[in-house]
Structure formats: C-alpha cells, structure tokens
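Pasting final_10.txt here (compact mmCIF, C-alpha atoms):
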# COMPACT_ATOMS: atom_id res chain seq x y z
CA MET A 1 -6.89 -2.66 6.48
CA THR A 2 -10.00 -0.51 6.99
CA ASN A 3 -11.62 1.75 4.43
CA GLU A 4 -10.69 4.75 6.57
CA GLU A 5 -7.03 3.79 6.43
CA ILE A 6 -7.12 3.31 2.65
CA TYR A 7 -9.11 6.31 1.53
CA GLU A 8 -8.37 9.04 4.08
CA ARG A 9 -6.54 11.95 2.41
CA THR A 10 -3.49 12.72 4.53
CA VAL A 11 -2.46 15.98 2.77
CA GLU A 12 -4.15 18.44 0.44
CA PRO A 13 -3.02 18.28 -3.19
CA ILE A 14 -1.30 21.07 -5.06
CA LEU A 15 -3.21 19.95 -8.17
CA ASP A 16 -6.13 17.56 -7.86
CA VAL A 17 -7.03 14.86 -10.38
CA HIS A 18 -8.96 17.00 -12.86
CA GLU A 19 -7.08 20.29 -12.41
CA LYS A 20 -4.93 21.53 -15.29
CA PRO A 21 -1.43 22.86 -14.59
CA LYS A 22 -0.30 26.26 -15.76
CA ALA A 23 0.98 26.22 -19.33
CA SER A 24 4.41 27.40 -18.14
CA GLU A 25 4.70 24.46 -15.70
CA TRP A 26 3.03 21.68 -17.66
CA LEU A 27 6.09 20.46 -19.59
CA LEU A 28 8.28 20.33 -16.49
CA LEU A 29 5.66 18.52 -14.40
CA SER A 30 5.05 15.94 -17.12
CA SER A 31 8.80 15.50 -17.63
CA GLN A 32 9.14 14.37 -14.02
CA HIS A 33 6.86 11.41 -14.74
CA LEU A 34 8.65 10.73 -18.01
CA PHE A 35 12.01 10.60 -16.22
CA ALA A 36 10.59 8.47 -13.40
CA MET A 37 9.39 5.74 -15.73
CA PHE A 38 12.05 6.06 -18.41
CA GLY A 39 14.88 3.91 -17.02
CA ALA A 40 12.75 0.87 -16.22
CA THR A 41 10.54 1.16 -19.31
CA VAL A 42 13.55 1.25 -21.65
CA LEU A 43 15.41 -1.46 -19.74
CA VAL A 44 12.76 -4.11 -20.49
CA PRO A 45 13.05 -3.95 -24.31
CA PHE A 46 16.83 -3.62 -23.94
CA LEU A 47 16.93 -6.97 -22.08
CA THR A 48 14.37 -8.80 -24.19
CA GLY A 49 15.42 -7.58 -27.64
CA LEU A 50 12.11 -5.86 -28.38
CA PRO A 51 12.28 -2.40 -30.05
CA VAL A 52 12.92 0.51 -27.67
CA SER A 53 10.77 2.89 -29.71
CA ALA A 54 7.90 0.39 -29.65
CA ALA A 55 8.13 0.23 -25.85
CA LEU A 56 8.03 4.03 -25.56
CA ILE A 57 5.09 4.39 -27.93
CA ALA A 58 3.24 1.51 -26.27
CA SER A 59 3.85 3.09 -22.88
CA GLY A 60 2.50 6.47 -24.00
CA LEU A 61 -0.49 5.23 -26.01
CA GLY A 62 -1.26 2.61 -23.36
CA THR A 63 -1.37 5.26 -20.66
CA LEU A 64 -3.68 7.45 -22.76
CA LEU A 65 -5.98 4.45 -23.34
CA TYR A 66 -5.92 3.73 -19.61
CA ILE A 67 -6.93 7.33 -18.84
CA LEU A 68 -9.78 7.04 -21.35
CA ILE A 69 -11.07 3.70 -20.02
CA THR A 70 -10.89 4.86 -16.40
CA LYS A 71 -12.84 8.04 -17.31
CA GLY A 72 -9.84 10.24 -16.53
CA LYS A 73 -10.20 9.56 -12.81
CA ILE A 74 -7.07 7.55 -11.86
CA PRO A 75 -3.64 9.29 -12.10
CA ALA A 76 -1.56 6.24 -13.00
CA TYR A 77 1.22 5.85 -15.58
CA LEU A 78 1.75 2.54 -17.39
CA GLY A 79 5.25 1.36 -18.32
CA SER A 80 6.98 -1.89 -19.31
CA SER A 81 6.39 -4.81 -16.94
CA PHE A 82 9.41 -6.58 -15.45
CA ALA A 83 7.37 -9.69 -14.62
CA PHE A 84 7.34 -10.81 -18.25
CA ILE A 85 11.08 -10.39 -18.95
CA THR A 86 12.04 -14.02 -18.33
CA PRO A 87 9.09 -15.54 -20.25
CA ILE A 88 9.83 -13.26 -23.22
CA ILE A 89 13.55 -14.10 -23.25
CA VAL A 90 12.92 -17.84 -22.91
CA GLY A 91 9.95 -17.81 -25.28
CA LEU A 92 11.81 -16.07 -28.09
CA LYS A 93 14.48 -18.79 -27.96
CA THR A 94 11.93 -21.53 -28.69
CA HIS A 95 9.05 -19.73 -30.42
CA SER A 96 8.54 -17.29 -33.26
CA LEU A 97 8.02 -13.58 -32.68
CA GLY A 98 4.40 -13.92 -33.82
CA GLU A 99 3.71 -16.66 -31.25
CA MET A 100 5.33 -14.64 -28.46
CA LEU A 101 3.46 -11.43 -29.24
CA MET A 102 0.15 -13.29 -29.48
CA ALA A 103 0.82 -14.90 -26.08
CA LEU A 104 1.38 -11.42 -24.65
CA PHE A 105 -1.81 -10.25 -26.38
CA MET A 106 -3.72 -13.09 -24.68
CA SER A 107 -2.21 -12.00 -21.36
CA GLY A 108 -3.77 -8.59 -21.85
CA LEU A 109 -7.05 -10.24 -22.78
CA MET A 110 -6.90 -12.21 -19.53
CA TYR A 111 -6.60 -8.89 -17.66
CA VAL A 112 -9.79 -7.75 -19.38
CA ILE A 113 -11.60 -10.99 -18.52
CA ILE A 114 -10.55 -10.73 -14.86
CA GLY A 115 -11.75 -7.12 -14.82
CA ILE A 116 -15.15 -8.16 -16.19
CA VAL A 117 -15.45 -10.94 -13.60
CA ILE A 118 -14.56 -8.50 -10.80
CA LYS A 119 -17.23 -6.11 -12.12
CA PHE A 120 -19.95 -8.70 -11.51
CA VAL A 121 -18.72 -10.85 -8.59
CA GLY A 122 -16.28 -8.60 -6.70
CA VAL A 123 -12.58 -8.97 -5.91
CA ASN A 124 -12.54 -11.22 -2.82
CA TRP A 125 -12.24 -14.42 -4.88
CA LEU A 126 -9.00 -13.13 -6.40
CA LEU A 127 -7.59 -12.03 -3.04
CA ARG A 128 -8.30 -15.50 -1.64
CA LEU A 129 -6.68 -17.16 -4.65
CA LEU A 130 -3.61 -14.90 -4.43
CA PRO A 131 -2.84 -14.08 -0.78
CA PRO A 132 0.50 -12.44 0.14
CA VAL A 133 2.05 -15.82 0.95
CA VAL A 134 1.72 -16.70 -2.77
CA VAL A 135 2.31 -13.31 -4.40
CA GLY A 136 5.28 -12.31 -2.19
CA PRO A 137 7.50 -15.33 -3.00
CA VAL A 138 6.56 -15.18 -6.71
CA ILE A 139 7.66 -11.54 -6.87
CA MET A 140 10.91 -12.59 -5.15
CA VAL A 141 11.38 -15.28 -7.81
CA ILE A 142 10.86 -12.70 -10.57
CA GLY A 143 13.71 -10.58 -9.20
CA LEU A 144 16.10 -13.37 -8.15
CA GLY A 145 15.49 -15.30 -11.36
CA LEU A 146 16.81 -12.31 -13.30
CA ALA A 147 19.90 -11.93 -11.09
CA PRO A 148 22.23 -13.93 -13.40
CA VAL A 149 21.19 -11.71 -16.34
CA ALA A 150 22.25 -8.56 -14.48
CA VAL A 151 25.54 -10.00 -13.22
CA ASN A 152 26.51 -11.43 -16.61
CA MET A 153 25.76 -8.10 -18.33
CA ALA A 154 27.99 -6.36 -15.82
CA MET A 155 30.98 -8.71 -16.25
CA TYR A 156 31.16 -10.28 -19.70
CA THR A 157 31.59 -8.83 -23.19
CA ASN A 158 29.34 -11.65 -24.40
CA SER A 159 26.85 -11.95 -21.55
CA GLY A 160 24.74 -14.49 -23.44
CA THR A 161 27.50 -17.09 -23.26
CA MET A 162 29.37 -15.72 -20.22
CA GLU A 163 32.51 -15.34 -22.30
CA GLY A 164 35.07 -12.53 -22.32
CA TYR A 165 35.36 -11.49 -18.69
CA SER A 166 36.18 -7.77 -18.65
CA ILE A 167 37.47 -5.71 -15.72
CA LYS A 168 36.56 -2.63 -17.80
CA TYR A 169 32.92 -3.78 -18.01
CA LEU A 170 32.89 -4.50 -14.29
CA PHE A 171 34.20 -1.00 -13.52
CA ILE A 172 31.53 0.64 -15.70
CA ALA A 173 28.83 -1.41 -14.00
CA PHE A 174 30.25 -0.51 -10.59
CA VAL A 175 30.23 3.23 -11.35
CA THR A 176 26.66 2.99 -12.64
CA LEU A 177 25.45 1.04 -9.62
CA VAL A 178 27.12 3.35 -7.09
CA THR A 179 25.64 6.41 -8.83
CA VAL A 180 22.12 4.98 -8.68
CA ILE A 181 22.57 4.09 -4.99
CA ILE A 182 23.88 7.56 -4.09
CA PHE A 183 21.02 9.38 -5.80
CA SER A 184 18.47 6.93 -4.38
CA VAL A 185 19.62 7.11 -0.76
CA LEU A 186 21.67 10.25 -0.13
CA VAL A 187 20.14 12.85 -2.46
CA ARG A 188 16.87 14.66 -1.77
CA GLY A 189 14.42 16.53 -4.01
CA PHE A 190 13.75 16.06 -7.70
CA LEU A 191 17.02 14.23 -8.43
CA SER A 192 16.04 11.47 -5.98
CA ILE A 193 13.06 10.70 -8.24
CA ILE A 194 15.24 9.84 -11.26
CA PRO A 195 18.24 7.91 -9.84
CA VAL A 196 18.06 5.26 -12.58
CA LEU A 197 18.21 7.85 -15.34
CA ILE A 198 21.14 9.64 -13.67
CA GLY A 199 22.94 6.33 -13.17
CA ILE A 200 22.54 5.47 -16.85
CA ILE A 201 23.88 8.90 -17.87
CA VAL A 202 26.95 8.67 -15.59
CA GLY A 203 27.60 5.07 -16.63
CA TYR A 204 27.25 6.00 -20.30
CA ILE A 205 29.76 8.84 -19.97
CA THR A 206 32.16 6.48 -18.18
CA ALA A 207 31.77 3.94 -20.97
CA ILE A 208 32.53 6.62 -23.60
CA VAL A 209 35.71 7.61 -21.75
CA LEU A 210 36.79 3.95 -21.66
CA GLY A 211 36.06 3.48 -25.37
CA VAL A 212 33.22 0.99 -25.00
CA VAL A 213 30.45 2.96 -26.77
CA ASP A 214 29.85 2.78 -30.54
CA LEU A 215 28.54 6.21 -31.60
CA SER A 216 28.27 5.46 -35.32
CA GLY A 217 24.58 4.53 -35.11
CA ILE A 218 23.72 7.90 -33.57
CA GLN A 219 25.54 9.77 -36.33
CA LYS A 220 23.68 7.84 -39.04
CA ALA A 221 20.24 8.17 -37.43
CA LYS A 222 17.84 10.92 -38.47
CA TRP A 223 16.26 13.29 -36.00
CA PHE A 224 12.80 12.28 -37.16
CA GLN A 225 12.09 8.81 -38.46
CA LEU A 226 9.37 6.21 -38.31
CA PRO A 227 9.66 4.16 -35.12
CA ASP A 228 10.93 0.60 -35.10
CA VAL A 229 7.68 -1.23 -34.44
CA HIS A 230 6.50 -4.69 -35.44
CA VAL A 231 3.54 -4.63 -37.83
CA PRO A 232 1.21 -7.67 -37.94
CA PHE A 233 1.42 -9.66 -41.19
CA VAL A 234 4.33 -7.45 -42.32
CA SER A 235 7.18 -7.98 -39.84
CA TYR A 236 5.55 -10.97 -38.14
CA THR A 237 2.69 -13.42 -38.62
CA PRO A 238 0.36 -13.68 -35.59
CA SER A 239 0.09 -17.27 -34.39
CA ILE A 240 -1.25 -18.72 -31.15
CA ASP A 241 0.74 -21.37 -29.28
CA TRP A 242 -1.57 -22.34 -26.43
CA MET A 243 1.24 -23.82 -24.37
CA LEU A 244 3.05 -20.49 -24.49
CA VAL A 245 -0.19 -18.78 -23.46
CA LEU A 246 -0.48 -21.21 -20.56
CA ILE A 247 2.99 -20.21 -19.36
CA MET A 248 1.86 -16.58 -19.18
CA LEU A 249 -1.36 -17.13 -17.21
CA PRO A 250 0.14 -17.63 -13.71
CA ILE A 251 2.21 -14.48 -14.22
CA VAL A 252 -0.93 -12.57 -15.19
CA PHE A 253 -2.59 -13.48 -11.88
CA VAL A 254 0.47 -12.29 -9.98
CA THR A 255 0.69 -8.98 -11.86
CA VAL A 256 -3.06 -8.46 -11.37
CA SER A 257 -2.51 -8.83 -7.63
CA GLU A 258 0.35 -6.32 -7.83
CA HIS A 259 -1.94 -3.98 -9.78
CA ILE A 260 -4.50 -4.13 -6.97
CA GLY A 261 -1.76 -3.29 -4.48
CA HIS A 262 -0.80 -0.23 -6.53
CA GLN A 263 -4.42 0.88 -6.58
CA VAL A 264 -4.60 0.63 -2.79
CA VAL A 265 -1.58 2.94 -2.55
CA ILE A 266 -3.00 5.43 -5.07
CA ASN A 267 -6.30 5.44 -3.14
CA LYS A 268 -4.37 6.33 -0.02
CA ILE A 269 -2.25 9.06 -1.63
CA VAL A 270 -5.01 10.78 -3.58
CA GLY A 271 -7.69 10.24 -0.92
CA ARG A 272 -10.33 8.70 -3.17
CA ASN A 273 -11.94 5.28 -3.44
CA PHE A 274 -10.97 4.35 -7.00
CA PHE A 275 -12.15 0.79 -6.33
CA LYS A 276 -15.67 2.25 -6.32
CA ASP A 277 -15.35 5.07 -8.85
CA PRO A 278 -14.45 4.44 -11.64
CA GLY A 279 -14.05 0.87 -10.33
CA LEU A 280 -11.20 -1.62 -10.02
CA HIS A 281 -12.59 -3.45 -13.03
CA ARG A 282 -12.02 -0.41 -15.25
CA SER A 283 -8.46 -0.07 -14.00
CA LEU A 284 -7.69 -3.72 -14.79
CA ILE A 285 -9.38 -3.52 -18.18
CA GLY A 286 -7.39 -0.38 -18.97
CA ASP A 287 -4.15 -2.19 -18.08
CA GLY A 288 -5.19 -5.19 -20.18
CA VAL A 289 -6.09 -3.12 -23.24
CA SER A 290 -2.75 -1.33 -22.92
CA THR A 291 -0.92 -4.68 -22.92
CA MET A 292 -2.91 -5.84 -25.94
CA LEU A 293 -1.95 -2.68 -27.84
CA ALA A 294 1.71 -3.09 -26.84
CA SER A 295 1.81 -6.68 -28.07
CA ILE A 296 0.37 -5.73 -31.45
CA ILE A 297 3.21 -3.27 -32.18
CA GLY A 298 5.97 -5.39 -30.59
CA GLY A 299 6.26 -3.69 -27.19
CA PRO A 300 6.44 -5.40 -23.78
CA PRO A 301 3.35 -5.82 -21.55
CA SER A 302 2.40 -2.81 -19.45
CA THR A 303 1.80 -2.30 -15.76
CA THR A 304 1.07 0.60 -13.44
CA TYR A 305 4.38 2.04 -12.25
CA GLY A 306 5.33 2.38 -8.60
CA GLU A 307 7.95 4.96 -9.60
CA ASN A 308 5.23 7.30 -10.85
CA ILE A 309 3.09 6.64 -7.80
CA GLY A 310 6.09 7.84 -5.82
CA VAL A 311 6.14 11.05 -7.87
CA LEU A 312 2.46 11.60 -6.96
CA ALA A 313 3.28 11.25 -3.27
CA ILE A 314 6.32 13.53 -3.38
CA THR A 315 4.88 16.33 -5.52
CA ARG A 316 1.23 16.19 -4.37
CA ILE A 317 0.30 16.82 -8.00
CA TYR A 318 -2.38 14.29 -8.93
CA SER A 319 -3.46 15.90 -12.21
CA ILE A 320 -4.48 13.48 -14.93
CA TRP A 321 -3.40 16.19 -17.40
CA VAL A 322 0.18 15.91 -16.14
CA ILE A 323 0.11 12.11 -16.53
CA GLY A 324 -1.34 12.48 -20.03
CA GLY A 325 1.37 15.00 -20.90
CA ALA A 326 4.05 12.48 -19.93
CA ALA A 327 2.36 9.90 -22.15
CA VAL A 328 2.39 12.26 -25.12
CA LEU A 329 6.10 13.01 -24.55
CA ALA A 330 6.85 9.27 -24.54
CA VAL A 331 5.11 8.81 -27.89
CA ILE A 332 7.01 11.76 -29.38
CA LEU A 333 10.35 10.31 -28.24
CA GLY A 334 9.50 7.10 -30.10
CA PHE A 335 9.70 9.10 -33.37
CA VAL A 336 13.05 10.77 -32.59
CA GLY A 337 15.55 8.61 -34.45
CA LYS A 338 18.68 9.94 -32.76
CA PHE A 339 17.13 9.37 -29.36
CA THR A 340 16.30 5.71 -29.98
CA ALA A 341 19.77 5.25 -31.53
CA LEU A 342 21.27 6.82 -28.41
CA VAL A 343 19.39 4.38 -26.17
CA SER A 344 20.40 1.46 -28.38
CA SER A 345 24.07 2.49 -28.06
CA ILE A 346 24.06 2.11 -24.26
CA PRO A 347 26.56 -0.70 -23.55
CA THR A 348 25.48 -3.77 -21.58
CA PRO A 349 27.62 -3.08 -18.46
CA VAL A 350 25.71 0.16 -17.89
CA MET A 351 22.39 -1.66 -17.97
CA GLY A 352 23.96 -4.48 -15.97
CA GLY A 353 24.89 -2.08 -13.18
CA VAL A 354 21.36 -0.61 -13.11
CA SER A 355 19.79 -4.07 -13.26
CA ILE A 356 21.69 -5.34 -10.23
CA LEU A 357 19.78 -2.87 -8.08
CA LEU A 358 16.46 -2.95 -9.94
CA PHE A 359 16.17 -6.73 -9.94
CA GLY A 360 17.18 -6.78 -6.29
CA ILE A 361 14.47 -4.23 -5.50
CA ILE A 362 11.91 -6.46 -7.22
CA ALA A 363 12.94 -9.38 -5.01
CA SER A 364 12.98 -7.17 -1.93
CA SER A 365 9.49 -5.87 -2.70
CA GLY A 366 8.24 -9.45 -2.50
CA LEU A 367 9.90 -9.80 0.89
CA ARG A 368 8.40 -6.46 1.93
CA MET A 369 4.94 -7.74 1.03
CA LEU A 370 5.43 -10.73 3.31
CA VAL A 371 6.60 -8.52 6.16
CA GLU A 372 3.91 -5.86 5.80
CA SER A 373 1.20 -8.50 5.47
CA LYS A 374 2.55 -10.18 8.63
CA VAL A 375 2.69 -13.62 7.03
CA ASP A 376 3.29 -16.11 9.86
CA PHE A 377 6.04 -18.56 8.90
CA GLY A 378 5.46 -20.36 12.16
CA ASP A 379 2.43 -21.65 10.29
CA LYS A 380 3.64 -24.74 8.39
CA ARG A 381 1.14 -24.10 5.60
CA ASN A 382 2.71 -20.73 4.80
CA LEU A 383 6.20 -22.17 5.12
CA VAL A 384 5.44 -24.96 2.65
CA ILE A 385 3.85 -22.68 0.05
CA ALA A 386 6.67 -20.12 0.12
CA SER A 387 9.40 -22.78 0.13
CA VAL A 388 8.06 -24.61 -2.90
CA ILE A 389 7.60 -21.38 -4.87
CA LEU A 390 11.14 -20.15 -4.14
CA VAL A 391 12.95 -23.39 -4.98
CA LEU A 392 10.96 -24.15 -8.14
CA GLY A 393 11.34 -20.58 -9.38
CA ILE A 394 14.99 -19.88 -8.54
CA GLY A 395 15.97 -23.43 -9.49
CA LYS A 396 14.36 -22.87 -12.92
CA ALA A 397 12.36 -26.08 -12.72
CA HIS A 398 10.27 -26.84 -15.79
CA LEU A 399 7.49 -29.18 -16.78
CA ASP A 400 8.01 -30.65 -20.25
CA PHE A 401 6.00 -33.54 -21.67
CA SER A 402 3.63 -34.44 -24.48
CA ILE A 403 0.04 -35.67 -24.51
CA GLY A 404 -0.77 -36.81 -28.02
CA GLN A 405 -0.14 -33.86 -30.31
CA ILE A 406 0.07 -31.40 -27.41
CA ASN A 407 3.52 -30.41 -26.13
CA LEU A 408 3.44 -28.98 -22.62
CA ASN A 409 6.41 -26.90 -21.47
CA ILE A 410 6.01 -24.68 -18.41
CA GLU A 411 9.16 -22.83 -17.35
CA GLY A 412 10.41 -22.02 -13.83
CA MET A 413 8.67 -18.79 -12.83
CA ALA A 414 5.32 -19.76 -14.33
CA LEU A 415 5.56 -23.23 -12.80
CA ALA A 416 6.44 -21.76 -9.40
CA ALA A 417 3.46 -19.39 -9.53
CA LEU A 418 1.13 -22.18 -10.62
CA ALA A 419 2.41 -24.47 -7.85
CA GLY A 420 1.89 -21.73 -5.26
CA ILE A 421 -1.67 -21.08 -6.41
CA LEU A 422 -2.52 -24.80 -6.35
CA LEU A 423 -0.98 -25.33 -2.90
CA ASN A 424 -2.91 -22.36 -1.57
CA VAL A 425 -6.13 -23.89 -2.87
CA ILE A 426 -5.42 -27.48 -1.80
CA LEU A 427 -3.79 -27.15 1.62
CA PRO A 428 -6.28 -26.79 4.50
CA GLU A 429 -6.62 -23.36 6.03
CA SER A 430 -5.08 -22.90 9.44
CA LYS A 431 -6.21 -19.28 9.72
CA VAL A 432 -9.22 -17.37 8.48
CA HIS A 433 -8.50 -15.01 5.59
CA GLU A 434 -9.20 -11.36 6.22
CA ASP A 435 -10.69 -9.42 3.32
CA TYR A 436 -9.19 -6.10 2.34
Reformat the file's structure so that it appears as structure tokens.
Amino acid sequence: MTNEEIYERTVEPILDVHEKPKASEWLLLSSQHLFAMFGATVLVPFLTGLPVSAALIASGLGTLLYILITKGKIPAYLGSSFAFITPIIVGLKTHSLGEMLMALFMSGLMYVIIGIVIKFVGVNWLLRLLPPVVVGPVIMVIGLGLAPVAVNMAMYTNSGTMEGYSIKYLFIAFVTLVTVIIFSVLVRGFLSIIPVLIGIIVGYITAIVLGVVDLSGIQKAKWFQLPDVHVPFVSYTPSIDWMLVLIMLPIVFVTVSEHIGHQVVINKIVGRNFFKDPGLHRSLIGDGVSTMLASIIGGPPSTTYGENIGVLAITRIYSIWVIGGAAVLAVILGFVGKFTALVSSIPTPVMGGVSILLFGIIASSGLRMLVESKVDFGDKRNLVIASVILVLGIGKAHLDFSIGQINLNIEGMALAALAGILLNVILPESKVHEDY
C-alpha cells in the first residue's frame, strides 16, 4: 500500500477536522455518532456484567481525552472493545473485581508503552510481529469464541447454565436479528447507520408484547441520579494478579494492530497523514489512557470504533467538534437514571439476537483481513500459523500449571494469540515482508 493510496483525499469534506458545525445542526450531527456506537458500547457491559453507565461515561470521557492527547487532529470515537469480553467474563469467575480492573488498567498502560516505543523506533517492528496471518485468525477466534454466548442468550431463560429452552426467547431473538439485517442491507441513508439500535428497539417492543420485560426498575429509577460506577478502595480494592495481566497482553497486541488498521482507513477517508501529524504514537497513547480511565471506574477497555469511521465516510463530516459533542452526550446519558434502567431492562434474547450478527461480523472481519491482505495459504508457514491459532482459540485450550508460588493460567484466546505470535517469530520466512 503506497502513501498516495493511503493519504489521497477522494472527496471534499462538508466539514473538515477543525470546522465547527452550525449550532442548529450540532446536536443532530453528534447524535449520529452516539447512535452509531451505542449498541455495541452498551452490549459489552451487558455481556460482562460491568455497569452500563460506567461504560457510557468511560466512552465519552475517554474520547475527550483521546481528542486532547491527539491535539484535536484525529476524528475518532472510542467505545467498548469486544476483544476483551471473553477475558473479562472468564476472569471475573476466578478473580476479584479489583484484580480484573487492574489487569485492564495494565492493558491500557501497555498501549501507552507501545506508543512510546513507536515514537522512538517506528512501527515496522510491530507490523512484523503481527502480520495479517496472525491478526486475522485471532480476530476470527474473538468472534467465534463468543458464538455460544450469543446463541445461549437467544434460546435459554438461564443462558449461563443453558437451562430453560424457550421458543418465546428464540422468536424475540429472531425478530431482533432479522430487523438488524434488514436495516443493515436493504435500507439506505441515516437509518442504515444505526441498524443495531433499531434492532434493539424492535426486539424490545416485541419482548414487551410477549411479557418478557420487567418494567419495575424503570418506574423506580430517577431521571437524574449518580451513575453506577466502581470507585477504587470503596466498591473494590485494586490488586494486581500478574498472571491475569499476562493473559491480557497478547490481546493488547492484537487490538493495537486493529487500531493501526483503523488509522489507515481514517487517513484515507479524511485525506491526511495522521501517522505523521499528530503521530500514531499519540493515537495509541490516547487509546491507552482512555482504557486506563475506563478500568478505574469499572468500564470496559476502549477502542476506536469502525462504526463511527463509517459515519465519517458516509456524511463527509470530519469535524472533531461533532465527535466531541457525541462524547459529551454519552457522559450525560450516564447520569440519566431512567435511561440506564431502561438499558438494564433489555431482556437477554434481544441482545442474543443482536450478538449473533455482531459476533459473526467480528469473525468475518478477521477473514476479510486475510483476503484483503492476500495471505497465501498455499504457503505452509501461513497455513500452520492460522490453523494453530484457530483450533487453540475456538477449542478453548488453556495452559494451567504452577512454578513454585506462581500459578500460570492462560485461557484460549490469549493462548491462541500468543502461539500465533511465537510461531510467526520462530518459523522461517518463506516470503519477504512488505512494509506498509
């Protein structure tokens, strides 16, 4: 990929990066980005058990921090990361909340460290460590590994134990899924940007009609109330479990690679070289600081959102003021008690129906990376690396043993990512890597 291909502006913007929208249009333009990120950002805490309001506030404040760190030059919105769903779910079963949140904090710190290293030595070392043949299959594992979660939510009244098969639940999930597909594929314009949100609304209404929704929490909630966030040394005691941190590290490298891919796309859409100004290192540090903030208040790790990048491409409005407006709206929603109660009342089959498509899209995006990068599976080296990653990840292999007082337990996705990275380093090259 040449610099000309990455940074050439294909169309003129309606609003460029530093241009302010008209006051009469600002709220609507920012709302588009809020709607685009909303479904996925709320889904992560819904699945992991973390507070919804904390995720919204972390998303908003994290985006504002990102804008500040990147000198207001990169129009990117940060929302909840799907890559950490499985580690959070598994980790909370075996570790305390304080240990989990500190592991997520260290993940954000690792982002910052990688950003600093890139500042001084460049990015090629990371691209060589994480080529598409490693990142693509790991992303597929992230999506496919979550597949049972989505299916169980769509079918069982107690999805955690797969008990209580319900045809009513399955119907609600089906209606939700079909709605999302219709608005994703067949509808054009603004509504095509928010198919997840529309699917949740239609599924929620269906669930109300079928008597599945408990509305009592909404009635009791206040319009304005302090958000449900975790406060250090009050609701949890920070504690570092280095084995849990170790589980997160391979995922960090994968999400960093995904972050770089998002930046390439934003460069192309906006027509600027953000790798140079303000610098890729600032973008990664901004993402890392956002994740660190999120972990402190009990929210999920953050990542730049492809959904919002899509809004940039469709609207040709690149204004950082519009992105910042969406971030402020997200923070405000975190203080609206009835809103968070409404989100909490969404029944699991609705989220199950949405998740079937979203998790599948994650897996498909990994496959897309392999295709677009033209990974040659006639090359046995590539075939071996991808095969090992897929089987270890989807098979939920884990490494569990003790060395003295140290207990080592690395779960499926992290182990698969680590194995892929090691194989890529160890196996002899059969082709010369091409730098971006």
Notebook entry, point to check: Rounded to one decimal in Å, what is the spacing between atom CA of A:Leu246 and atom CA of A:Lys93?
Noted result: 16.9 Å
Using all atoms of stretch 108-114 of chain A listed in the file and a margin of 8 Å per side, can you give the axis-aligned box centre and edge lengths in Å to one decimal, as JSON?
{"center_x": -7.7, "center_y": -10.0, "center_z": -18.8, "size_x": 23.8, "size_y": 20.5, "size_z": 23.9}
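Closest to A:Pro347 among A:Leu418, A:Val196, A:Val138, A:Ile208 is A:Ile208, based on only C-alpha atoms.
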Item checked: One-decimal distance in Å that lies between atom CA of A:Phe38 and atom CA of A:Leu191 ->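 Distance reported for this atom pair: 13.8 Å.
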Which residues of stretch 75-139 of chain A have any atom within 12 Å of an atom in stretch 147-152 of chain A when counting only C-alpha atoms, and what is the closest pair of atoms for each, with the distance in Å to one decimal? Order the rows by chain and rising number and write it as JSON lines.
{"residue": "A:Ile85", "atom": "CA", "partner": "A:Val149", "partner_atom": "CA", "distance": 10.5}
{"residue": "A:Thr86", "atom": "CA", "partner": "A:Val149", "partner_atom": "CA", "distance": 9.6}
{"residue": "A:Ile89", "atom": "CA", "partner": "A:Val149", "partner_atom": "CA", "distance": 10.6}
Checklist line | Shell of 9 Å around A:Val52, all atoms listed in the file, local chain residues under 2 positions omitted, as number ranges by chain | finding: A: 41-46, 49-50, 54-57, 227-229, 299, 334, 340, 343-344
Next item on the list: Quote the spacing between atom CA of A:Met369 and atom CA of A:Ala417 in Å to one decimal place.
Entry: 15.8 Å
Checklist line | 6 Å contact set for stretch 381-393 of chain A, all atoms listed in the file, chain neighbours under 3 positions out, as number ranges by chain | finding: A: 137, 141, 377, 396-397, 412-413, 416, 420
Next item on the list: Select all residues near (2.8, -11.9, -19.9) (cut-off 10 Å, inclusive, file coordinates), counting all atoms listed in the file, and output them as a ChimeraX atom specification.
Entry: /A:81-88,100-101,103-108,110,244-253,255,291,295,300-302,414
Stretch 304-314 of chain A: which residues within 8 Å, counting all atoms listed in the file, same-chain residues fewer than 5 positions away excluded, as a PDB file with C-alpha atoms, in the coordinates of the input?
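Contents of the output file selection35.pdb:
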ATOM      1  CA  GLN A  32       9.140  14.370 -14.020  1.00  0.00           C
ATOM      2  CA  HIS A  33       6.860  11.410 -14.740  1.00  0.00           C
ATOM      3  CA  ALA A  36      10.590   8.470 -13.400  1.00  0.00           C
ATOM      4  CA  MET A  37       9.390   5.740 -15.730  1.00  0.00           C
ATOM      5  CA  ALA A  76      -1.560   6.240 -13.000  1.00  0.00           C
ATOM      6  CA  TYR A  77       1.220   5.850 -15.580  1.00  0.00           C
ATOM      7  CA  LEU A  78       1.750   2.540 -17.390  1.00  0.00           C
ATOM      8  CA  GLY A  79       5.250   1.360 -18.320  1.00  0.00           C
ATOM      9  CA  ILE A 193      13.060  10.700  -8.240  1.00  0.00           C
ATOM     10  CA  HIS A 259      -1.940  -3.980  -9.780  1.00  0.00           C
ATOM     11  CA  HIS A 262      -0.800  -0.230  -6.530  1.00  0.00           C
ATOM     12  CA  VAL A 265      -1.580   2.940  -2.550  1.00  0.00           C
ATOM     13  CA  ILE A 266      -3.000   5.430  -5.070  1.00  0.00           C
ATOM     14  CA  ILE A 269      -2.250   9.060  -1.630  1.00  0.00           C
ATOM     15  CA  ASP A 287      -4.150  -2.190 -18.080  1.00  0.00           C
TER      16      ASP A 287
END
Margin query: List the spatial neighbours of A:Lys73 as a ChimeraX atom specification - criterion: any atom at most 7 Å away, only C-alpha atoms, same-chain residues fewer than 3 positions off excluded.
Written below: /A:17,70,278
